[in-house]
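*Asks:* What follows is final.csv; its format and atoms are CSV, C-alpha atoms and all ligand atoms.
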chain,number,residue,atom,x,y,z
I,162,MET,CA,20.7,8.2,32.8
I,163,VAL,CA,16.9,8.5,32.8
I,164,ALA,CA,15.4,12.0,32.8
I,165,LEU,CA,12.9,12.3,35.7
I,166,ALA,CA,9.8,14.5,35.3
I,167,LEU,CA,10.9,17.1,37.8
I,168,ASP,CA,9.2,19.9,35.8
I,169,SER,CA,5.9,18.3,36.5
I,170,LEU,CA,6.2,19.0,40.3
I,171,THR,CA,5.7,22.2,42.2
I,172,TRP,CA,8.8,23.8,43.7
I,173,PRO,CA,10.0,24.4,46.3
I,174,ARG,CA,8.9,21.3,48.3
I,175,ARG,CA,8.6,22.6,51.8
I,176,THR,CA,9.1,20.7,55.1
I,177,ALA,CA,8.8,22.1,58.6
I,178,ARG,CA,12.2,23.8,58.4
I,179,LEU,CA,13.5,23.3,54.9
I,180,ALA,CA,12.7,24.1,51.2
I,181,ILE,CA,14.0,21.8,48.5
I,182,ARG,CA,14.3,22.8,44.8
I,183,PRO,CA,16.3,22.0,41.7
I,184,ALA,CA,19.8,23.4,41.8
I,185,THR,CA,21.0,26.2,39.6
I,186,ARG,CA,24.6,26.6,38.4
I,187,GLU,CA,25.1,29.5,40.8
I,188,ASP,CA,24.2,27.1,43.7
I,189,LEU,CA,27.1,24.9,42.8
I,190,ARG,CA,29.7,27.3,44.2
I,191,ARG,CA,28.1,27.1,47.6
I,192,VAL,CA,27.8,23.3,47.3
I,193,PHE,CA,31.5,23.1,46.4
I,194,ALA,CA,32.4,24.9,49.7
I,195,TYR,CA,31.3,22.1,51.9
I,196,ARG,CA,31.7,19.2,49.5
I,197,SER,CA,35.4,20.0,49.1
I,198,ARG,CA,35.9,19.5,52.9
I,199,GLU,CA,37.9,16.3,53.8
I,200,ASP,CA,35.3,15.3,56.5
I,201,VAL,CA,32.5,15.6,53.9
I,202,ALA,CA,34.3,13.9,51.1
I,203,HIS,CA,35.6,11.0,53.2
I,204,TRP,CA,32.9,8.7,52.1
I,205,MET,CA,31.9,10.4,48.9
I,206,THR,CA,32.7,9.2,45.4
I,207,HIS,CA,35.0,12.1,44.8
I,208,ARG,CA,36.7,15.0,46.7
I,209,PRO,CA,36.5,18.0,44.4
I,210,THR,CA,39.4,20.4,44.7
I,211,ASP,CA,38.8,22.9,41.9
I,212,GLU,CA,35.6,25.1,42.2
I,213,ASP,CA,35.4,26.0,38.5
I,214,ALA,CA,35.9,22.4,37.4
I,215,PHE,CA,33.2,21.3,39.9
I,216,VAL,CA,30.7,23.8,38.5
I,217,GLU,CA,31.6,22.7,34.9
I,218,GLU,CA,31.1,19.0,35.8
I,219,HIS,CA,27.9,19.3,37.8
I,220,GLY,CA,26.4,22.3,35.8
I,221,THR,CA,25.9,20.6,32.5
I,222,PRO,CA,22.3,20.3,31.1
I,223,GLU,CA,22.6,16.5,31.8
I,224,ARG,CA,24.0,16.6,35.3
I,225,LEU,CA,22.4,19.8,36.8
I,226,PRO,CA,18.9,18.2,37.0
I,227,LEU,CA,20.3,15.4,39.2
I,228,THR,CA,20.9,17.9,42.0
I,229,LEU,CA,18.4,19.4,44.4
I,230,VAL,CA,19.4,21.9,47.0
I,231,VAL,CA,18.2,22.2,50.5
I,232,GLU,CA,17.6,25.6,52.0
I,233,ARG,CA,16.8,26.5,55.6
I,234,ARG,CA,13.4,28.4,55.5
I,235,SER,CA,14.2,30.7,58.3
I,236,ASP,CA,17.1,32.5,56.5
I,237,GLY,CA,17.3,30.9,53.0
I,238,LEU,CA,20.8,29.5,53.7
I,239,LEU,CA,21.7,26.6,51.5
I,240,VAL,CA,22.6,23.8,54.0
I,241,GLY,CA,22.8,20.7,51.8
I,242,ASP,CA,22.1,19.0,48.6
I,243,LEU,CA,20.3,15.9,47.4
I,244,TYR,CA,20.9,13.6,44.4
I,245,LEU,CA,18.1,11.9,42.5
I,246,HIS,CA,19.2,9.8,39.6
I,247,GLY,CA,16.4,8.1,37.5
I,248,GLU,CA,17.1,4.6,36.3
I,249,ASP,CA,15.6,1.6,34.5
I,250,ALA,CA,15.1,-1.4,36.7
I,251,TRP,CA,16.7,-4.7,35.5
I,252,ALA,CA,14.3,-6.6,33.4
I,253,GLN,CA,14.1,-9.4,30.9
I,254,ARG,CA,14.2,-8.0,27.4
I,255,GLU,CA,10.5,-8.9,26.6
I,256,VAL,CA,9.3,-6.7,29.4
I,257,ALA,CA,12.1,-4.1,29.5
I,258,GLU,CA,9.7,-1.3,28.4
I,259,ARG,CA,7.7,-1.7,31.6
I,260,ALA,CA,10.9,-1.3,33.7
I,261,ALA,CA,12.1,1.9,32.0
I,262,GLY,CA,12.6,4.8,34.4
I,263,VAL,CA,10.8,3.2,37.3
I,264,GLN,CA,13.3,3.8,40.0
I,265,ALA,CA,16.0,6.1,41.3
I,266,GLU,CA,19.2,6.2,43.3
I,267,ILE,CA,19.2,8.8,46.0
I,268,GLY,CA,22.1,10.6,47.6
I,269,TYR,CA,22.6,13.4,50.2
I,270,VAL,CA,25.1,15.7,51.7
I,271,LEU,CA,24.7,18.1,54.5
I,272,ASP,CA,27.1,21.0,55.4
I,273,PRO,CA,28.6,19.8,58.7
I,274,GLU,CA,28.3,23.4,60.0
I,275,HIS,CA,24.6,22.6,60.1
I,276,GLY,CA,24.6,18.9,60.9
I,277,GLY,CA,23.2,17.0,63.8
I,278,GLN,CA,19.9,19.0,63.9
I,279,GLY,CA,17.8,16.5,61.9
I,280,TYR,CA,18.0,18.6,58.7
I,281,ALA,CA,19.4,15.6,56.7
I,282,THR,CA,16.6,13.3,58.0
I,283,GLU,CA,14.0,15.9,57.1
I,284,ALA,CA,15.4,16.5,53.6
I,285,VAL,CA,15.9,12.8,52.7
I,286,THR,CA,12.4,12.0,54.0
I,287,ALA,CA,11.0,14.7,51.7
I,288,LEU,CA,13.2,13.3,48.8
I,289,VAL,CA,11.8,9.8,49.3
I,290,GLU,CA,8.3,11.2,49.5
I,291,LEU,CA,8.6,13.2,46.3
I,292,ALA,CA,10.2,10.2,44.5
I,293,LEU,CA,7.6,7.5,45.6
I,294,SER,CA,4.4,9.5,45.9
I,295,PRO,CA,2.0,9.0,43.1
I,296,VAL,CA,1.7,11.5,40.3
I,297,PRO,CA,0.8,14.4,40.4
I,298,ASP,CA,2.2,15.1,44.0
I,299,GLY,CA,5.3,13.0,43.3
I,300,LEU,CA,7.2,11.2,40.6
I,301,GLY,CA,5.4,7.9,41.1
I,302,LEU,CA,8.5,5.8,41.1
I,303,ARG,CA,8.2,2.2,42.3
I,304,ARG,CA,11.6,2.0,44.2
I,305,VAL,CA,14.4,4.1,45.5
I,306,HIS,CA,17.8,2.8,46.6
I,307,ALA,CA,21.0,4.2,48.1
I,308,GLU,CA,24.6,2.8,47.9
I,309,LEU,CA,27.2,3.5,50.5
I,310,PHE,CA,30.4,2.4,52.3
I,311,ALA,CA,29.0,0.1,55.1
I,312,ASP,CA,31.3,2.0,57.5
I,313,ASN,CA,29.5,5.3,56.8
I,314,GLY,CA,27.5,5.1,60.1
I,315,PRO,CA,25.8,8.5,59.9
I,316,SER,CA,24.5,7.7,56.4
I,317,ALA,CA,23.3,4.2,57.3
I,318,ARG,CA,21.6,5.5,60.5
I,319,LEU,CA,20.0,8.3,58.4
I,320,LEU,CA,18.6,5.8,55.9
I,321,GLU,CA,17.2,3.6,58.6
I,322,ARG,CA,15.6,6.6,60.3
I,323,VAL,CA,13.9,7.5,57.1
I,324,GLY,CA,12.7,3.9,56.6
I,325,LEU,CA,14.9,2.3,54.0
I,326,ARG,CA,15.8,-1.3,54.4
I,327,LEU,CA,19.3,-2.8,54.3
I,328,GLU,CA,19.2,-5.1,51.3
I,329,GLY,CA,22.8,-6.2,51.0
I,330,ARG,CA,26.3,-5.9,52.1
I,331,GLY,CA,29.1,-6.5,49.5
I,332,ARG,CA,32.2,-8.0,51.1
I,333,GLN,CA,35.1,-5.7,50.3
I,334,ASP,CA,33.6,-4.7,47.0
I,335,SER,CA,34.5,-1.0,47.2
I,336,LEU,CA,37.9,0.6,47.0
I,337,HIS,CA,38.4,3.7,49.2
I,338,ARG,CA,40.8,6.3,48.0
I,339,ASP,CA,43.0,5.5,51.1
I,340,GLY,CA,43.8,2.2,49.4
I,341,ARG,CA,41.5,-0.1,51.5
I,342,TRP,CA,38.9,-2.5,50.0
I,343,LEU,CA,35.8,-1.9,52.2
I,344,ASP,CA,32.4,-3.4,52.4
I,345,GLY,CA,29.6,-1.7,50.5
I,346,ALA,CA,26.0,-1.5,51.6
I,347,SER,CA,22.7,-1.2,49.7
I,348,TYR,CA,19.5,0.2,51.1
I,349,ALA,CA,16.1,0.4,49.3
I,350,LEU,CA,12.4,1.1,49.7
I,351,LEU,CA,9.4,0.3,47.6
I,352,ALA,CA,6.6,2.8,47.0
I,353,ASP,CA,4.1,0.2,48.6
I,354,GLU,CA,6.2,0.0,51.7
I,355,TRP,CA,6.4,3.8,51.9
I,356,ALA,CA,2.7,4.2,51.6
I,357,ALA,CA,2.2,1.6,54.3
I,358,ARG,CA,4.7,3.0,56.8
I,359,PRO,CA,3.3,3.9,60.2
I,360,GLY,CA,2.0,7.5,60.2
I,361,ALA,CA,1.4,7.6,56.4
I,362,ALA,CA,-1.9,9.2,55.4
I,363,ALA,CA,-4.6,6.6,54.9
I,364,PRO,CA,-5.6,6.0,51.3
I,365,LEU,CA,-8.7,7.8,50.3
I,366,ARG,CA,-11.8,5.6,50.4
I,367,ARG,CA,-14.3,5.7,47.6
I,368,PRO,CA,-17.9,6.3,48.7
I,369,GLY,CA,-19.4,2.9,49.5
I,370,GLY,CA,-15.9,1.3,49.5
D,401,LIG,C1,25.1,11.5,56.1
D,401,LIG,C2,24.7,12.9,56.5
D,401,LIG,C3,23.9,13.6,55.4
D,401,LIG,C4,23.9,12.9,57.8
D,401,LIG,O1,23.7,14.2,58.2
D,401,LIG,P1,23.4,14.6,59.7
D,401,LIG,O2,23.5,16.0,59.9
D,401,LIG,O3,24.3,13.7,60.6
D,401,LIG,O4,21.9,14.1,59.8
D,401,LIG,P2,20.8,14.5,60.9
D,401,LIG,O5,21.0,15.8,61.4
D,401,LIG,O6,19.5,14.2,60.2
D,401,LIG,O7,21.0,13.4,62.0
D,401,LIG,C5,22.2,13.4,62.8
D,401,LIG,C6,21.9,13.1,64.2
D,401,LIG,O8,21.1,14.1,64.7
D,401,LIG,C7,20.0,13.6,65.5
D,401,LIG,N1,18.9,14.6,65.4
D,401,LIG,C8,19.0,15.8,66.1
D,401,LIG,N2,17.9,16.4,65.9
D,401,LIG,C9,17.1,15.7,65.1
D,401,LIG,C10,15.8,15.9,64.6
D,401,LIG,N3,15.1,17.1,64.9
D,401,LIG,N4,15.2,15.0,63.8
D,401,LIG,C11,15.9,13.9,63.5
D,401,LIG,N5,17.2,13.6,64.0
D,401,LIG,C12,17.8,14.5,64.8
D,401,LIG,C13,19.7,12.3,64.8
D,401,LIG,O9,19.1,11.4,65.6
D,401,LIG,C14,21.1,11.8,64.4
D,401,LIG,O10,21.7,11.1,65.4
D,401,LIG,P3,22.7,9.8,65.1
D,401,LIG,O11,23.7,10.2,64.0
D,401,LIG,O12,23.4,9.6,66.4
D,401,LIG,O13,21.8,8.7,64.7
D,401,LIG,C15,26.0,13.7,56.8
D,401,LIG,O14,26.8,13.0,57.8
D,401,LIG,C16,26.9,14.0,55.6
D,401,LIG,O15,26.6,14.9,54.8
D,401,LIG,N6,28.0,13.2,55.5
D,401,LIG,C17,29.0,13.4,54.4
D,401,LIG,C18,28.4,13.0,53.1
D,401,LIG,C19,28.0,11.6,53.0
D,401,LIG,O16,28.6,10.7,53.6
D,401,LIG,N7,26.9,11.4,52.3
D,401,LIG,C20,26.3,10.1,52.2
D,401,LIG,C21,27.0,9.3,51.2
D,401,LIG,S1,26.4,7.7,51.0
For this file, write the structure as structure tokens.
Ligand SMILES: CC(C)(COP(=O)(O)OP(=O)(O)OC[C@H]1O[C@@H](n2cnc3c(N)ncnc32)[C@H](O)[C@@H]1OP(=O)(O)O)[C@@H](O)C(=O)NCCC(=O)NCCS
*Replies:*
Amino acid sequence: MVALALDSLTWPRRTARLAIRPATREDLRRVFAYRSREDVAHWMTHRPTDEDAFVEEHGTPERLPLTLVVERRSDGLLVGDLYLHGEDAWAQREVAERAAGVQAEIGYVLDPEHGGQGYATEAVTALVELALSPVPDGLGLRRVHAELFADNGPSARLLERVGLRLEGRGRQDSLHRDGRWLDGASYALLADEWAARPGAAAPLRRPGG
């Protein structure tokens, strides 16, 4: 696990309708309420069933900084959570130092009571923005990726809306808790691609440049 410099950013990060900030231990009880639902947990790594155990597991000093919460600005309601896990890129040993902490895996969950309104799209766009934007506005990472069951249609469509690329599909490489071996899918995006996306702010020109 690579610690990301979240403290160097200004919180909350605001979008048109949402505010995103690092989670507190108190937030985890509200997060548990929707994550323990069968329809939410269906494609997730784990279906939590015990609220206290969930808070203990996710509230440690190592795990808590991996979770950001998403609040609706109009009423402050916590509507979802995001995951940002810093990683080293694979590298040959001679250059491994240059690959340390340069990328992150992202994840996202939206309370279905508030789904289908574009909140997840808005939140994940902001997550990618904060991960890939140069320091000091963002973390200056070079790449983000997401791993999912290929059959998780809402998640795949969300990633494609945000602008991530399908990079691979693993043939029956993932075991679902219902006993079936299912295809996995990997999506990713580079900082250069994010900066060059349609609608991105043009880079500042130096005088005379
Ligand atoms: C994946 C997940 C976060 C998507 O959340 P969501 O609420 O469906 O996402 P959005 O509201 O952004 O988009 C949903 C739909 O609303 C539409 N929408 C409505 N208003 C919108 C708006 N203002 N802006 C963008 N999209 C909007 C989208 O086009 C989208 O349509 P589609 O699914 O037919 O393509 C959600 O399904 C979830 O939490 N699933 C359970 C956990 C999970 O699987 N997490 C991912 C693990 S890999």
*Asks:* Residues contacting ligand LIG 401 (chain D) - anything with an atom at most 10 Å away, using all atoms listed in the file - can you give me those as number ranges by chain?
*Replies:* I: 178, 195-196, 198-206, 240-243, 267-286, 307-323, 345-347
*Asks:* For C-alpha atoms, I'd like the residues from the last selection saved as a compact mmCIF listing (two decimals), keeping the file's coordinate frame.
*Replies:*
# COMPACT_ATOMS: atom_id res chain seq x y z
CA ARG I 178 12.20 23.80 58.40
CA TYR I 195 31.30 22.10 51.90
CA ARG I 196 31.70 19.20 49.50
CA ARG I 198 35.90 19.50 52.90
CA GLU I 199 37.90 16.30 53.80
CA ASP I 200 35.30 15.30 56.50
CA VAL I 201 32.50 15.60 53.90
CA ALA I 202 34.30 13.90 51.10
CA HIS I 203 35.60 11.00 53.20
CA TRP I 204 32.90 8.70 52.10
CA MET I 205 31.90 10.40 48.90
CA THR I 206 32.70 9.20 45.40
CA VAL I 240 22.60 23.80 54.00
CA GLY I 241 22.80 20.70 51.80
CA ASP I 242 22.10 19.00 48.60
CA LEU I 243 20.30 15.90 47.40
CA ILE I 267 19.20 8.80 46.00
CA GLY I 268 22.10 10.60 47.60
CA TYR I 269 22.60 13.40 50.20
CA VAL I 270 25.10 15.70 51.70
CA LEU I 271 24.70 18.10 54.50
CA ASP I 272 27.10 21.00 55.40
CA PRO I 273 28.60 19.80 58.70
CA GLU I 274 28.30 23.40 60.00
CA HIS I 275 24.60 22.60 60.10
CA GLY I 276 24.60 18.90 60.90
CA GLY I 277 23.20 17.00 63.80
CA GLN I 278 19.90 19.00 63.90
CA GLY I 279 17.80 16.50 61.90
CA TYR I 280 18.00 18.60 58.70
CA ALA I 281 19.40 15.60 56.70
CA THR I 282 16.60 13.30 58.00
CA GLU I 283 14.00 15.90 57.10
CA ALA I 284 15.40 16.50 53.60
CA VAL I 285 15.90 12.80 52.70
CA THR I 286 12.40 12.00 54.00
CA ALA I 307 21.00 4.20 48.10
CA GLU I 308 24.60 2.80 47.90
CA LEU I 309 27.20 3.50 50.50
CA PHE I 310 30.40 2.40 52.30
CA ALA I 311 29.00 0.10 55.10
CA ASP I 312 31.30 2.00 57.50
CA ASN I 313 29.50 5.30 56.80
CA GLY I 314 27.50 5.10 60.10
CA PRO I 315 25.80 8.50 59.90
CA SER I 316 24.50 7.70 56.40
CA ALA I 317 23.30 4.20 57.30
CA ARG I 318 21.60 5.50 60.50
CA LEU I 319 20.00 8.30 58.40
CA LEU I 320 18.60 5.80 55.90
CA GLU I 321 17.20 3.60 58.60
CA ARG I 322 15.60 6.60 60.30
CA VAL I 323 13.90 7.50 57.10
CA GLY I 345 29.60 -1.70 50.50
CA ALA I 346 26.00 -1.50 51.60
CA SER I 347 22.70 -1.20 49.70
*Asks:* Would you kindly return, as number ranges by chain, each protein, DNA or RNA residue with an atom no farther than 12 Å from any atom of Ser235 in chain I, considering all atoms listed in the file and excluding same-chain residues fewer than 5 positions away?
*Replies:* I: 175-180, 240
*Asks:* Pick from I:Gly331, I:Leu245, I:Ser169, I:Ala260: nearest to Ala292 in chain I, with only C-alpha atoms counted?
*Replies:*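 Closest to Ala292 in chain I of all the choices is I:Leu245.
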*Asks:* Write out as a list in words each polymer residue whose atoms come within 9 Å of Asp298 in chain I, counting all atoms listed in the file; drop sequence neighbours fewer than 3 positions from it.
*Replies:*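 What passes the distance filter is Ser169, Leu170, Thr171, Leu291, Ser294, Pro295 and Gly301 of chain I.
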*Asks:* With C-alpha atoms retained, export the selected residues as a tab-separated table (two decimals), keeping the file's coordinate frame.
*Replies:*
chain	number	residue	atom	x	y	z
I	169	SER	CA	5.90	18.30	36.50
I	170	LEU	CA	6.20	19.00	40.30
I	171	THR	CA	5.70	22.20	42.20
I	291	LEU	CA	8.60	13.20	46.30
I	294	SER	CA	4.40	9.50	45.90
I	295	PRO	CA	2.00	9.00	43.10
I	301	GLY	CA	5.40	7.90	41.10
*Asks:* May I ask for the distance between CA of Leu229 in chain I and CA of Ala287 in chain I, given in Å to one decimal place?
*Replies:*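 If I compute the distance from CA of Leu229 in chain I to CA of Ala287 in chain I, I get 11.4 Å.
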